[in-house]
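A.B. asks: Shown below is the structure under consideration.
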Amino acid sequence: RTIIEVNRANPATVVVSGDLTDAGYREEFEQAAEYIDRIECESIMVIPGNHDSRNVGYVHFERLFGERYSCIDFQDAVMVGVDSSEPDLNDGRVGREHYGFIRDCFARADERLKIFVIHHHLIPIPGTGRERNIIFDAGDVLELLDEVGTDLVLSGHKHVPYSWKLENMFIVNAGTASTTRLRGNTRPCYNIIEIEDG
């Protein structure tokens with residue numbers, strides 16, 4: 001149903017912010033790839049989540065979806081996606097070694113919208129447990145994103161839809177459209193983001 005609705009919406013891009021699998025096994029990735037292949041959109045950004053990096057799953061991710069760090073240029077935006085997962089751990093981090101990649105991608109954006117995609121939370125999301133669910137280097141990443149003028153951050157991880165506005169940056173967390181592992185009264189869902197006049 002979600003794929004049908006997304007295809008009817010005819011989006012400029014589709015973002016899948018991680019956890020395509022439960023345990024990172026090849027069969028799970030292949031099934032996820034079959035679903036994603038049914039999305040009719042030329043621009044799809046897929047990044048891995050903590051579940052996808054279990055059992056050396058990042059090998060299957062790269063085979064089926066490509067690089068775990070990517071940048072997509074649009075007429076009106078630049079979107080940067082990074083892998084915040086750690087093998088066999090629920091915790092995440094971006095890592096100082098990737099800050100240059102993020103800075104370089106956004107440097108070519110000029111006045112275009114800057115969109116950052118990450119699996120783990122940069123700030124706590126209500127109803128998701130203790131603050132340990134944010135990435136280890138959240139403070140440094142937030143400083144970097146503010147420094148480069150990021151407009152929008154998209155994330156997933158805890159299956160709870162929520163949005164914050166921090167400085168001039170919107171931080172939007174996705175729920176989940178593909179599992180019944182839901183918290184509280186949250187229902188299966190996905191976000192539709194419309195951008196007008198900058």
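Identifiers in the structure tokens: chain A, B, ... in order shown; residue index from 1 per chain; ligand index from 1 in order shown.
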Per DSSP on the backbone, filter segment 54-132 of chain A down to the residues in helix (DSSP H, G or I) and report them as a ChimeraX atom specification.

C.D. replies: /A:54-56,58-65,96-107,131-132

A.B. asks: Going by DSSP on the backbone, which residues of segment 14-169 of chain A come out as strand (DSSP E)? List them as a PyMOL selection string.

C.D. replies: chain A and resi 14-16+44-46+70-73+77-81+85-86+89-92+113-117+152-155+162-166+169

A.B. asks: Give me the residues within 12 Å of Ile192 of chain A as a ChimeraX atom specification, counting only C-alpha atoms and dropping any in the same chain fewer than 4 places off.

C.D. replies: /A:2,5-6,9-15,154,161,172-175

A.B. asks: What is the distance between atom CA of Asn55 of chain A and atom CA of Glu67 of chain A, in Å to one decimal?

C.D. replies: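 Atom CA of Asn55 of chain A sits 18.1 Å away from atom CA of Glu67 of chain A.
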
A.B. asks: Near Phe61 of chain A, counting only C-alpha atoms, which residues have an atom at most 9 Å away, once you skip same-chain residues fewer than 2 positions from it, shown as a PDB file with all heavy atoms, in the first residue's frame?

C.D. replies:
ATOM      1  N   GLY A  24      20.153  -8.100   9.203  1.00  0.00           N
ATOM      2  CA  GLY A  24      21.225  -7.902   8.239  1.00  0.00           C
ATOM      3  C   GLY A  24      21.538  -9.089   7.353  1.00  0.00           C
ATOM      4  O   GLY A  24      22.584  -9.118   6.704  1.00  0.00           O
ATOM      5  N   ARG A  26      21.318 -11.749   4.118  1.00  0.00           N
ATOM      6  CA  ARG A  26      21.215 -11.568   2.677  1.00  0.00           C
ATOM      7  C   ARG A  26      19.769 -11.638   2.184  1.00  0.00           C
ATOM      8  O   ARG A  26      19.328 -10.803   1.403  1.00  0.00           O
ATOM      9  CB  ARG A  26      22.054 -12.612   1.948  1.00  0.00           C
ATOM     10  CG  ARG A  26      22.077 -12.408   0.431  1.00  0.00           C
ATOM     11  CD  ARG A  26      22.842 -13.500  -0.289  1.00  0.00           C
ATOM     12  NE  ARG A  26      22.064 -14.737  -0.268  1.00  0.00           N
ATOM     13  CZ  ARG A  26      22.498 -15.912   0.192  1.00  0.00           C
ATOM     14  NH1 ARG A  26      23.721 -16.026   0.636  1.00  0.00           N
ATOM     15  NH2 ARG A  26      21.718 -16.972   0.196  1.00  0.00           N
ATOM     16  N   PHE A  29      17.845  -8.480   2.891  1.00  0.00           N
ATOM     17  CA  PHE A  29      18.235  -7.386   2.000  1.00  0.00           C
ATOM     18  C   PHE A  29      17.641  -7.572   0.610  1.00  0.00           C
ATOM     19  O   PHE A  29      17.191  -6.614  -0.024  1.00  0.00           O
ATOM     20  CB  PHE A  29      19.757  -7.275   1.907  1.00  0.00           C
ATOM     21  CG  PHE A  29      20.361  -6.413   2.966  1.00  0.00           C
ATOM     22  CD1 PHE A  29      21.127  -6.961   3.983  1.00  0.00           C
ATOM     23  CD2 PHE A  29      20.187  -5.041   2.954  1.00  0.00           C
ATOM     24  CE1 PHE A  29      21.693  -6.166   4.958  1.00  0.00           C
ATOM     25  CE2 PHE A  29      20.746  -4.227   3.926  1.00  0.00           C
ATOM     26  CZ  PHE A  29      21.504  -4.798   4.931  1.00  0.00           C
ATOM     27  N   ILE A  47      19.945   4.605   3.054  1.00  0.00           N
ATOM     28  CA  ILE A  47      21.090   4.494   3.959  1.00  0.00           C
ATOM     29  C   ILE A  47      20.829   3.344   4.932  1.00  0.00           C
ATOM     30  O   ILE A  47      19.676   3.006   5.195  1.00  0.00           O
ATOM     31  CB  ILE A  47      21.365   5.806   4.730  1.00  0.00           C
ATOM     32  CG1 ILE A  47      20.156   6.195   5.590  1.00  0.00           C
ATOM     33  CG2 ILE A  47      21.759   6.928   3.780  1.00  0.00           C
ATOM     34  CD1 ILE A  47      20.455   7.289   6.593  1.00  0.00           C
ATOM     35  N   PRO A  48      21.876   2.735   5.453  1.00  0.00           N
ATOM     36  CA  PRO A  48      21.665   1.618   6.380  1.00  0.00           C
ATOM     37  C   PRO A  48      21.348   2.087   7.793  1.00  0.00           C
ATOM     38  O   PRO A  48      21.709   3.186   8.201  1.00  0.00           O
ATOM     39  CB  PRO A  48      23.002   0.878   6.346  1.00  0.00           C
ATOM     40  CG  PRO A  48      24.003   1.914   5.964  1.00  0.00           C
ATOM     41  CD  PRO A  48      23.287   2.924   5.115  1.00  0.00           C
ATOM     42  N   ASP A  52      20.702  -3.145   9.903  1.00  0.00           N
ATOM     43  CA  ASP A  52      21.321  -3.539   8.633  1.00  0.00           C
ATOM     44  C   ASP A  52      22.801  -3.841   8.763  1.00  0.00           C
ATOM     45  O   ASP A  52      23.388  -4.487   7.888  1.00  0.00           O
ATOM     46  CB  ASP A  52      21.113  -2.438   7.594  1.00  0.00           C
ATOM     47  CG  ASP A  52      19.649  -2.101   7.417  1.00  0.00           C
ATOM     48  OD1 ASP A  52      18.825  -3.039   7.444  1.00  0.00           O
ATOM     49  OD2 ASP A  52      19.331  -0.901   7.266  1.00  0.00           O
ATOM     50  N   SER A  53      23.424  -3.367   9.832  1.00  0.00           N
ATOM     51  CA  SER A  53      24.856  -3.603  10.032  1.00  0.00           C
ATOM     52  C   SER A  53      25.126  -4.798  10.939  1.00  0.00           C
ATOM     53  O   SER A  53      26.265  -5.061  11.302  1.00  0.00           O
ATOM     54  CB  SER A  53      25.528  -2.348  10.600  1.00  0.00           C
ATOM     55  OG  SER A  53      25.557  -1.350   9.607  1.00  0.00           O
ATOM     56  N   GLY A  57      26.019  -7.256   7.631  1.00  0.00           N
ATOM     57  CA  GLY A  57      25.010  -6.916   6.643  1.00  0.00           C
ATOM     58  C   GLY A  57      25.382  -5.780   5.726  1.00  0.00           C
ATOM     59  O   GLY A  57      24.855  -5.687   4.609  1.00  0.00           O
ATOM     60  N   TYR A  58      26.321  -4.924   6.152  1.00  0.00           N
ATOM     61  CA  TYR A  58      26.719  -3.801   5.292  1.00  0.00           C
ATOM     62  C   TYR A  58      27.309  -4.283   3.972  1.00  0.00           C
ATOM     63  O   TYR A  58      27.286  -3.556   2.979  1.00  0.00           O
ATOM     64  CB  TYR A  58      27.695  -2.869   6.030  1.00  0.00           C
ATOM     65  CG  TYR A  58      28.846  -3.561   6.705  1.00  0.00           C
ATOM     66  CD1 TYR A  58      29.994  -3.865   6.016  1.00  0.00           C
ATOM     67  CD2 TYR A  58      28.761  -3.930   8.052  1.00  0.00           C
ATOM     68  CE1 TYR A  58      31.052  -4.520   6.635  1.00  0.00           C
ATOM     69  CE2 TYR A  58      29.798  -4.581   8.687  1.00  0.00           C
ATOM     70  CZ  TYR A  58      30.949  -4.879   7.962  1.00  0.00           C
ATOM     71  OH  TYR A  58      31.982  -5.535   8.583  1.00  0.00           O
ATOM     72  N   VAL A  59      27.827  -5.519   3.921  1.00  0.00           N
ATOM     73  CA  VAL A  59      28.337  -6.097   2.667  1.00  0.00           C
ATOM     74  C   VAL A  59      27.181  -6.267   1.683  1.00  0.00           C
ATOM     75  O   VAL A  59      27.293  -5.931   0.495  1.00  0.00           O
ATOM     76  CB  VAL A  59      29.030  -7.454   2.942  1.00  0.00           C
ATOM     77  CG1 VAL A  59      29.359  -8.171   1.646  1.00  0.00           C
ATOM     78  CG2 VAL A  59      30.269  -7.250   3.778  1.00  0.00           C
ATOM     79  N   ARG A  63      26.282  -4.147  -1.914  1.00  0.00           N
ATOM     80  CA  ARG A  63      26.062  -4.898  -3.159  1.00  0.00           C
ATOM     81  C   ARG A  63      24.740  -4.493  -3.808  1.00  0.00           C
ATOM     82  O   ARG A  63      24.658  -4.340  -5.028  1.00  0.00           O
ATOM     83  CB  ARG A  63      26.084  -6.402  -2.867  1.00  0.00           C
ATOM     84  CG  ARG A  63      25.766  -7.293  -4.076  1.00  0.00           C
ATOM     85  CD  ARG A  63      25.942  -8.759  -3.746  1.00  0.00           C
ATOM     86  NE  ARG A  63      25.117  -9.203  -2.642  1.00  0.00           N
ATOM     87  CZ  ARG A  63      23.865  -9.663  -2.764  1.00  0.00           C
ATOM     88  NH1 ARG A  63      23.288  -9.698  -3.955  1.00  0.00           N
ATOM     89  NH2 ARG A  63      23.189 -10.075  -1.709  1.00  0.00           N
ATOM     90  N   LEU A  64      23.705  -4.306  -3.005  1.00  0.00           N
ATOM     91  CA  LEU A  64      22.374  -4.048  -3.547  1.00  0.00           C
ATOM     92  C   LEU A  64      22.018  -2.566  -3.685  1.00  0.00           C
ATOM     93  O   LEU A  64      21.239  -2.194  -4.556  1.00  0.00           O
ATOM     94  CB  LEU A  64      21.319  -4.736  -2.668  1.00  0.00           C
ATOM     95  CG  LEU A  64      21.354  -6.263  -2.715  1.00  0.00           C
ATOM     96  CD1 LEU A  64      20.556  -6.854  -1.564  1.00  0.00           C
ATOM     97  CD2 LEU A  64      20.834  -6.769  -4.046  1.00  0.00           C
ATOM     98  N   PHE A  65      22.594  -1.730  -2.818  1.00  0.00           N
ATOM     99  CA  PHE A  65      22.195  -0.321  -2.803  1.00  0.00           C
ATOM    100  C   PHE A  65      23.329   0.661  -3.063  1.00  0.00           C
ATOM    101  O   PHE A  65      23.092   1.853  -3.203  1.00  0.00           O
ATOM    102  CB  PHE A  65      21.518   0.024  -1.466  1.00  0.00           C
ATOM    103  CG  PHE A  65      20.285  -0.782  -1.209  1.00  0.00           C
ATOM    104  CD1 PHE A  65      20.299  -1.829  -0.305  1.00  0.00           C
ATOM    105  CD2 PHE A  65      19.111  -0.517  -1.896  1.00  0.00           C
ATOM    106  CE1 PHE A  65      19.162  -2.590  -0.077  1.00  0.00           C
ATOM    107  CE2 PHE A  65      17.968  -1.268  -1.680  1.00  0.00           C
ATOM    108  CZ  PHE A  65      17.999  -2.312  -0.766  1.00  0.00           C
ATOM    109  N   GLY A  66      24.569   0.179  -3.080  1.00  0.00           N
ATOM    110  CA  GLY A  66      25.693   1.064  -3.370  1.00  0.00           C
ATOM    111  C   GLY A  66      26.339   1.633  -2.125  1.00  0.00           C
ATOM    112  O   GLY A  66      26.263   1.053  -1.039  1.00  0.00           O
ATOM    113  N   GLU A  67      26.941   2.784  -2.285  1.00  0.00           N
ATOM    114  CA  GLU A  67      27.710   3.413  -1.215  1.00  0.00           C
ATOM    115  C   GLU A  67      26.842   3.721   0.009  1.00  0.00           C
ATOM    116  O   GLU A  67      25.667   4.055  -0.122  1.00  0.00           O
ATOM    117  CB  GLU A  67      28.346   4.716  -1.711  1.00  0.00           C
ATOM    118  CG  GLU A  67      29.410   4.510  -2.779  1.00  0.00           C
ATOM    119  CD  GLU A  67      30.643   3.821  -2.248  1.00  0.00           C
ATOM    120  OE1 GLU A  67      31.014   4.067  -1.078  1.00  0.00           O
ATOM    121  OE2 GLU A  67      31.236   3.016  -2.996  1.00  0.00           O
ATOM    122  N   ARG A  68      27.454   3.649   1.185  1.00  0.00           N
ATOM    123  CA  ARG A  68      26.755   3.973   2.422  1.00  0.00           C
ATOM    124  C   ARG A  68      26.828   5.470   2.734  1.00  0.00           C
ATOM    125  O   ARG A  68      26.185   5.942   3.662  1.00  0.00           O
ATOM    126  CB  ARG A  68      27.331   3.156   3.580  1.00  0.00           C
ATOM    127  CG  ARG A  68      27.024   1.664   3.421  1.00  0.00           C
ATOM    128  CD  ARG A  68      27.650   0.821   4.506  1.00  0.00           C
ATOM    129  NE  ARG A  68      29.095   0.784   4.370  1.00  0.00           N
ATOM    130  CZ  ARG A  68      29.946   0.965   5.381  1.00  0.00           C
ATOM    131  NH1 ARG A  68      29.508   1.201   6.600  1.00  0.00           N
ATOM    132  NH2 ARG A  68      31.238   0.905   5.166  1.00  0.00           N
TER     133      ARG A  68
END

A.B. asks: Which residues are near segment 84-100 of chain A? Cut-off 8 Å, only C-alpha atoms, ignore same chain within fewer than 6 positions. Put them as a list in words.

C.D. replies: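 Everything that qualifies: Pro48, Gly49, Asn50, His51, Ser53, Arg54, Asn55, Val56, Ile118, His119, His120, Arg132, Asn133, Ile134, Ile135, Phe136, Asp137, Ala138, Val141 and Leu144 of chain A.
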
A.B. asks: Tell me, as an NGL selection string, which residues lie within 10 Å of Ile72 of chain A, counting only C-alpha atoms; anything in the same chain fewer than 5 positions away does not count.

C.D. replies: :A and (13 or 43-45 or 77-81 or 105 or 115)

A.B. asks: Report, in Å with one decimal, the straight-line distance from atom CA of Asp146 of chain A to atom CA of Thr176 of chain A.

C.D. replies: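 Taking atom CA of Asp146 of chain A and atom CA of Thr176 of chain A, their separation equals 27.2 Å.
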
A.B. asks: Between A:Ile195, A:Tyr190, A:Glu62, A:Asp19, which one has atoms that come closest to Lys158 of chain A, using only C-alpha atoms?

C.D. replies: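 Looking only at the distances to Lys158 of chain A, the closest residue turns out to be A:Asp19.
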
A.B. asks: Between A:Val16, A:Asp83, A:Glu143, A:Arg187, which is the closest to Tyr35 of chain A once you count only C-alpha atoms?

C.D. replies: A:Val16
